[in-house]
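Undergrad: Have a look at this one before I ask anything.
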Amino acid sequence: MAINPVFNLQWHLTTRCELKCRHCYLRGRNRSSANELDLDQCCQVIDSFVHAAVVLDARPTVDLTGGDPLLYQHFWELLDYLRKKNVQISILGTPDKLNHFTAKQLKSYGAMDYQLSIDGLEEKHDWLRHKGSFAKNMEAFGLLKQYDISTGMMYTLTRHNRDDLIPVMNLAAEMEHRAFAFDTVSPVGPEDGCQSLMLSPLEFRQIYKEYLQESKRLGEKGYRTVFTRKNHLYALIMEEENRLKPIESDRTTYFMGCPIGKGLIINADGSVLCCPRIPIEIGRVPQEEILDILLYSDMLTKFRDRSNHRVCGNCSLFQYCRGCRASAWGVSGDIFGPDPYCWKQVEAQDVETPLSTDEGEESIQPSQEQSYENGRKIMSIYYGWDYQPRPKYDANVQQILGRAWRDLEFRKQLLTDPEEACQQAGIEVSDTILFELGRIEFDSIYDILADTTNQ
């Protein structure tokens with residue numbers, strides 16, 4: 001069982017979409033099919049992506065989205081090429097082009113899951129999307145289930161639909177969705193009218209705590225839907241409840257939080273972004289190699305330097321959160337500004353800068369192998385095991401995950417007291433791995449296994 005970090009692309013194949021959602025971060029961008037990459041260019045991108053994953057010793061996964069990804073004219077040929085290259089495929093789409101034919105095709109081409117957005121019960125969802133959208137999504141979920149395609153539900157939290165979050169969570173559980181996620185609405189710039197839909201930090205904190213309580217209640221009732229902690233401010237709540245303390249022996253590992261720098265975003269025209277909600281181009285494909293963009297982009301290099309995060313960089317939870325850079329940019333125009341949803345009072349303190357260059361060596365260019373090793377470190381630290389190069393096979397981790405898969409009682413004990421569970425099983429673990437085991441509740445042990453094993 002190989003323990004590999006994941007290298008993910010979120011690929012906006014097209015900006016075309018039949019919806020005109022009030023809070024869509026793609027509004028205002030060019031929606032012409034004339035700007036889309038052709039099939040040959042897309043295949044070049046996939047080849048570049050797979051090569052990068054091999055060099056980084058990472059597992060390649062891609063989220064195909066849009067617009068509506070099914071509107072891309074070469075969609076099925078692209079899926080076939082991804083399948084041949086052993087890239088794991090997920091779809092973030094809309095219900096508009098889903099029918100028995102497309103659902104059957106998705107299954108045959110190996111699509112792992114299909115995520116649709118529900119932003120409230122029918123009245124509020126349709127207000128944000130368009131009339132009839134809620135009913136069409138419900139039909140699409142039923143259709144996907146017929147073809148045994150795993151489904152996920154995404155909820156964009158706004159001031160308008162805040163009261164519907166808990167009812168929609170229950171709906172997701174009753175419909176047996178594999179996963180439910182929510183995140184906050186982000187403006188697409190300081191002048192965006194979406195700021196009126198934003199919650200205050202304390203309002204968001206209260207809603208997040210209610211979400212966590214309801215997640216626990218539904219789990220105790222036996223529902224198997226995974227209620228994820230997509231928004232990274234969950235780390236603040238963990239700290240408040242004394243369930244998260246920084247690991248003082250390791251100040252360089254990014255255990256969780258904002259994923260900028262771990263994956264890349266590709267737009268329909270080939271422009272590459274660090275985040276889908278921050279329209280700042282950091283590269284362009286297929287003209288540039290994906291590995292080069294990941295390793296050498298000025299924006300990503302700045303992001304990995306803690307000293308550039310003027311507010312979050314001084315926070316004790318920097319390794320676990322880093323706030324939402326898209327929300328910061330959308331409100332202030334400053335990608336390194338404070339997260340407008342954050343309720344934590346940050347006090348200035350001395351911080352250590354990860355991934356910085358040693359003094360006096362700025363002019364020395366690393367060799368290709370040194371650059372690749374730096375890339376593997378980037379994948380590794382975001383993955384949250386060890387900053388230093390680690391063996392591809394970790395016997396202790398294999399033992400823990402393998403036993404958890406087979407032994408229900410051991411799995412239950414891991415969820416409550418991972419250190420005691422490992423001690424009783426005679427398994428030695430480091431502080432870093434104990435932290436990872438302690439946060440299994442973020443997704444579920446099944447997702448942890450799915451994200452750490454070759455399938």
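By convention in this document, the chains of the structure tokens carry letters A, B, ... by their order, each chain's residues are numbered from 1, and ligands are numbered from 1 in the order they are shown.
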Considering only C-alpha atoms, return as a ChimeraX atom specification whatever protein or nucleic-acid residues lie within 8 Å of stretch 234-245 of chain A, sequence-local ones (same chain, fewer than 4 positions apart) excluded.

TA: /A:208-209,229,317,320-321,344

Undergrad: Just write the chosen residues, N, CA and C atoms, as a PDB file, in the first residue's frame.

TA:
```
ATOM      1  N   TYR A 208     -20.937  27.764  11.859  1.00  0.00           N
ATOM      2  CA  TYR A 208     -19.990  26.652  11.726  1.00  0.00           C
ATOM      3  C   TYR A 208     -20.134  25.679  12.900  1.00  0.00           C
ATOM      4  N   LYS A 209     -20.293  26.216  14.097  1.00  0.00           N
ATOM      5  CA  LYS A 209     -20.458  25.352  15.268  1.00  0.00           C
ATOM      6  C   LYS A 209     -21.761  24.554  15.177  1.00  0.00           C
ATOM      7  N   ARG A 229     -15.066  19.344   6.358  1.00  0.00           N
ATOM      8  CA  ARG A 229     -14.682  20.643   6.917  1.00  0.00           C
ATOM      9  C   ARG A 229     -13.891  21.392   5.857  1.00  0.00           C
ATOM     10  N   LEU A 317      -1.897  29.294  14.186  1.00  0.00           N
ATOM     11  CA  LEU A 317      -2.575  28.276  13.393  1.00  0.00           C
ATOM     12  C   LEU A 317      -2.204  28.347  11.913  1.00  0.00           C
ATOM     13  N   TYR A 320      -2.163  25.261   9.894  1.00  0.00           N
ATOM     14  CA  TYR A 320      -3.416  24.513   9.852  1.00  0.00           C
ATOM     15  C   TYR A 320      -4.543  25.269   9.155  1.00  0.00           C
ATOM     16  N   CYS A 321      -4.308  26.506   8.775  1.00  0.00           N
ATOM     17  CA  CYS A 321      -5.409  27.308   8.231  1.00  0.00           C
ATOM     18  C   CYS A 321      -4.949  28.205   7.075  1.00  0.00           C
ATOM     19  N   LYS A 344     -10.541  35.253  14.740  1.00  0.00           N
ATOM     20  CA  LYS A 344      -9.417  35.154  15.678  1.00  0.00           C
ATOM     21  C   LYS A 344      -8.652  36.474  15.757  1.00  0.00           C
TER      22      LYS A 344
END
```

Undergrad: I'd like to know which residues of stretch 179-299 of chain A are strand (DSSP E or B) (by DSSP, run on the backbone); could you write them as a PyMOL selection string?

TA: chain A and resi 179-184+226-227+260+263-266+271-275+278-284

Undergrad: May I ask which of the residues A:Gly402, A:Gly375, A:Gly263, A:Gly426 is the closest one to A:Tyr296, counting only C-alpha atoms?

TA: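 Of A:Gly402, A:Gly375, A:Gly263, A:Gly426, the one nearest A:Tyr296 is A:Gly375, counting only C-alpha atoms.
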